[in-house]
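Student: Have a look at the structure that comes next, please.
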Amino acid sequence: PSLCIRGVSIFQGLLDSAAQAEMVAALREVARAAPFFRPVTSRGQAMSVRMTSAGQVGWVSDRRGYRYEPRHPDGAEWPPIPESVLAVWSRVAPDARTPDSCLVNFYDADARMGMHQDRDEVDLEQPVVSISLGDDALFRIGNLTRGGKTESVWLKSGDVLVMGGAARLVYHGIDRIRTGSSKLLPEGGRINLTLRVAR
Ligand code: MD3
Ligand code: FE
């Protein structure tokens with residue numbers, strides 16, 4: 001990795017522009033089968049990030065709470081995780097189990113993600129791998145408990161993150177997007193993929 005912040009390994013520029021474009025094409029097929037939706041928190045608040053998933057299970061949130069589900073809210077099974085995406089997992093986490101879930105987050109100019117932990121997966125020994133595509137994002141890394149000092153880093157299109165070991169349970173979030181910083185997505189914005197072993 002070109003950078004390691006609080007145990008989060010950052011592989012800057014792991015994907016070249018051809019690999020990024022190929023992945024975006026595959027993700028358009030994912031979004032055609034499983035359209036982006038805007039999750040609602042259990043308190044009824046719409047999230048600013050739009051989401052969909054690929055794999056055996058996908059992450060959903062509604063008034064009933066958040067959880068992994070084998071189907072899109074519309075009722076269809078999630079499409080398979082694209083091969084190009086699985087290949088990135090094999091490169092950066094060769095010893096891990098095969099991921100069964102790929103969350104696809106779309107950030108428009110105003111979207112953000114508050115500080116949170118990812119702990120809904122059954123085996124927290126397995127890493128989470130993130131792939132950034134499109135506009136730059138200001139990523140904030142905190143601590144194993146809420147609050148305290150944080151560190152921030154701009155994530156760029158083609159960057160890949162691995163959260164394993166102690167870093168698996170650190171609080172993290174996305175403060176903002178730098179609109180117009182990438183030409184990868186003609187419509188603008190940012191896509192983040194998170195690959196996980198959910199079940
Ligand atoms: C650190 N997504 O989907 S990816 C998420 O850019 C999420 O969309 C952000 O946080 C995004 O849950 C950040 C980087 C990331 C993902 C999972 C982590 C960092 C993590 C899990 C543990 C620690
Ligand atoms: Fe997260």
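Starting from 1 in every chain, residues are counted up; chains themselves are A, B, ... following the order of the structure tokens, and ligands are numbered from 1 as listed.
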Can you work out which residues are within 9 Å of ligand 1, considering only C-alpha atoms and all ligand atoms, and then hand them over as a VMD selection string?
Tutor: chain A and resid 7 to 8 49 103 to 107 112 to 119 127 to 132 137 to 141 155 160 to 164 166 to 174 190 to 196
Student: I want to know what sits within 8 Å of A:Glu69, based on only C-alpha atoms, with residues of the same chain fewer than 4 positions away left out; could you give that as a PyMOL selection string?
Tutor: chain A and resi 57-60
Student: Just to be explicit: take each residue in the selection above, keep all heavy atoms, and write the result as a compact mmCIF listing (two decimals), in the first residue's frame.
Tutor:
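Saved file again_16.txt follows:
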# COMPACT_ATOMS: atom_id res chain seq x y z
N VAL A 57 -26.11 -11.27 -1.01
CA VAL A 57 -26.91 -10.40 -0.15
C VAL A 57 -26.51 -8.95 -0.38
O VAL A 57 -25.40 -8.65 -0.82
CB VAL A 57 -26.74 -10.75 1.35
CG1 VAL A 57 -27.39 -12.09 1.69
CG2 VAL A 57 -25.28 -10.74 1.76
N GLY A 58 -27.45 -8.05 -0.09
CA GLY A 58 -27.20 -6.62 -0.23
C GLY A 58 -27.64 -5.89 1.03
O GLY A 58 -28.51 -6.37 1.76
N TRP A 59 -27.02 -4.74 1.25
CA TRP A 59 -27.34 -3.95 2.45
C TRP A 59 -28.56 -3.08 2.17
O TRP A 59 -28.60 -2.37 1.17
CB TRP A 59 -26.13 -3.09 2.81
CG TRP A 59 -26.20 -2.46 4.16
CD1 TRP A 59 -25.81 -3.02 5.34
CD2 TRP A 59 -26.67 -1.14 4.47
NE1 TRP A 59 -26.02 -2.12 6.36
CE2 TRP A 59 -26.55 -0.98 5.87
CE3 TRP A 59 -27.19 -0.09 3.71
CZ2 TRP A 59 -26.90 0.20 6.52
CZ3 TRP A 59 -27.56 1.08 4.35
CH2 TRP A 59 -27.42 1.22 5.74
N VAL A 60 -29.55 -3.16 3.02
CA VAL A 60 -30.74 -2.31 2.89
C VAL A 60 -31.06 -1.67 4.23
O VAL A 60 -30.68 -2.19 5.29
CB VAL A 60 -31.98 -3.10 2.38
CG1 VAL A 60 -31.71 -3.73 1.02
CG2 VAL A 60 -32.43 -4.14 3.37
Student: What does the distance between atom CA of A:Ser181 and atom CA of A:Ser17 come to in Å, to one decimal place?
Tutor: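 So the answer is 14.1 Å.
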Student: What gap, in Å, lies between atom CA of A:Gly142 and atom CA of A:Ala87?
Tutor: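 If I compute the distance from atom CA of A:Gly142 to atom CA of A:Ala87, I get 28.8 Å.
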Student: Which residues are near A:Ala33? Cut-off 8 Å, only C-alpha atoms, ignore same chain within fewer than 3 positions. Put them as JSON, numbers by chain.
Tutor: {"A": [29, 30, 78, 79]}
Student: Those selected residues, please, written with N, CA, C and O atoms and delivered as a PDB file, in the first residue's frame.
Tutor:
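File out-v4.pdb, as written:
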ATOM      1  N   GLU A  29     -24.587  -2.146 -15.661  1.00  0.00           N
ATOM      2  CA  GLU A  29     -25.407  -3.360 -15.776  1.00  0.00           C
ATOM      3  C   GLU A  29     -25.989  -3.755 -14.418  1.00  0.00           C
ATOM      4  O   GLU A  29     -27.148  -4.153 -14.327  1.00  0.00           O
ATOM      5  N   VAL A  30     -25.181  -3.635 -13.380  1.00  0.00           N
ATOM      6  CA  VAL A  30     -25.677  -3.910 -12.021  1.00  0.00           C
ATOM      7  C   VAL A  30     -26.854  -2.989 -11.707  1.00  0.00           C
ATOM      8  O   VAL A  30     -27.911  -3.435 -11.239  1.00  0.00           O
ATOM      9  N   TRP A  78     -30.274  -9.859  -6.179  1.00  0.00           N
ATOM     10  CA  TRP A  78     -29.207  -8.947  -6.584  1.00  0.00           C
ATOM     11  C   TRP A  78     -28.426  -9.578  -7.732  1.00  0.00           C
ATOM     12  O   TRP A  78     -28.247 -10.801  -7.754  1.00  0.00           O
ATOM     13  N   PRO A  79     -27.923  -8.780  -8.659  1.00  0.00           N
ATOM     14  CA  PRO A  79     -27.079  -9.344  -9.730  1.00  0.00           C
ATOM     15  C   PRO A  79     -25.739  -9.816  -9.168  1.00  0.00           C
ATOM     16  O   PRO A  79     -25.364  -9.440  -8.056  1.00  0.00           O
TER      17      PRO A  79
END
Student: Would you give me, as a ChimeraX atom specification, the residues in stretch 75-149 of chain A that DSSP reads as helix (DSSP H, G or I)?
Tutor: /A:83-92
Student: Where does stretch 38-73 of chain A meet stretch 81-84 of chain A within 9 Å, residue by residue, with the nearest atom pair and distance in Å to one decimal for each, counting only C-alpha atoms, listed by chain and rising number, as a tab-separated table?
Tutor:
residue	atom	partner	partner_atom	distance
A:Ser53	CA	A:Ile81	CA	8.4
A:Ala54	CA	A:Ile81	CA	5.0
A:Gly55	CA	A:Ile81	CA	5.1
A:Gln56	CA	A:Ile81	CA	8.6
Student: I'd like to know which of A:Glu121, A:Lys156, A:Gly44, A:Ile177 is closest to ligand 2, using only C-alpha atoms and all ligand atoms.
Tutor: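 Nearest candidate to ligand 2 out of A:Glu121, A:Lys156, A:Gly44, A:Ile177: A:Glu121.
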Student: From a backbone DSSP assignment, name each residue in chain A labelled strand (DSSP E), as JSON, numbers by chain.
Tutor: {"A": [3, 4, 5, 8, 9, 10, 11, 50, 51, 52, 53, 54, 55, 58, 59, 60, 61, 62, 65, 66, 67, 68, 69, 101, 102, 103, 104, 105, 106, 107, 113, 114, 115, 116, 128, 129, 130, 131, 132, 133, 134, 136, 137, 138, 139, 140, 141, 151, 152, 153, 154, 155, 160, 161, 162, 163, 172, 173, 174, 175, 176, 177, 178, 190, 191, 192, 193, 194, 195, 196]}
Student: Could you check which of A:His72, A:Leu124, A:Ser90, A:Gly188 is closest to A:Asp110, using only C-alpha atoms?
Tutor: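 Between A:His72, A:Leu124, A:Ser90, A:Gly188, the residue approaching A:Asp110 most closely is A:Gly188.
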Student: For each of A:Ala109, A:Thr98, A:Phe36, A:Asp123, take the minimum atom-to-atom distance to A:Pro73, counting only C-alpha atoms, then give the residue where this is smallest.
Tutor: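 Of the candidates, the smallest distance to A:Pro73 is held by A:Phe36.
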Student: Using only C-alpha atoms, which of A:Ala198, A:Val85, A:Leu144, A:Leu184 sits nearest A:Ser101?
Tutor: A:Ala198
Student: Taking only C-alpha atoms into account, name the residue in A:Ala76, A:Leu15, A:Ile5, A:Met51 that is nearest to A:Arg91.
Tutor: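 So, comparing all the options, the nearest one is A:Leu15.
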Student: Pick from A:Ser182, A:Arg199, A:Thr150, A:Asp120: nearest to ligand 2, with only C-alpha atoms and all ligand atoms counted?
Tutor: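 Smallest distance to ligand 2 is found for A:Asp120.
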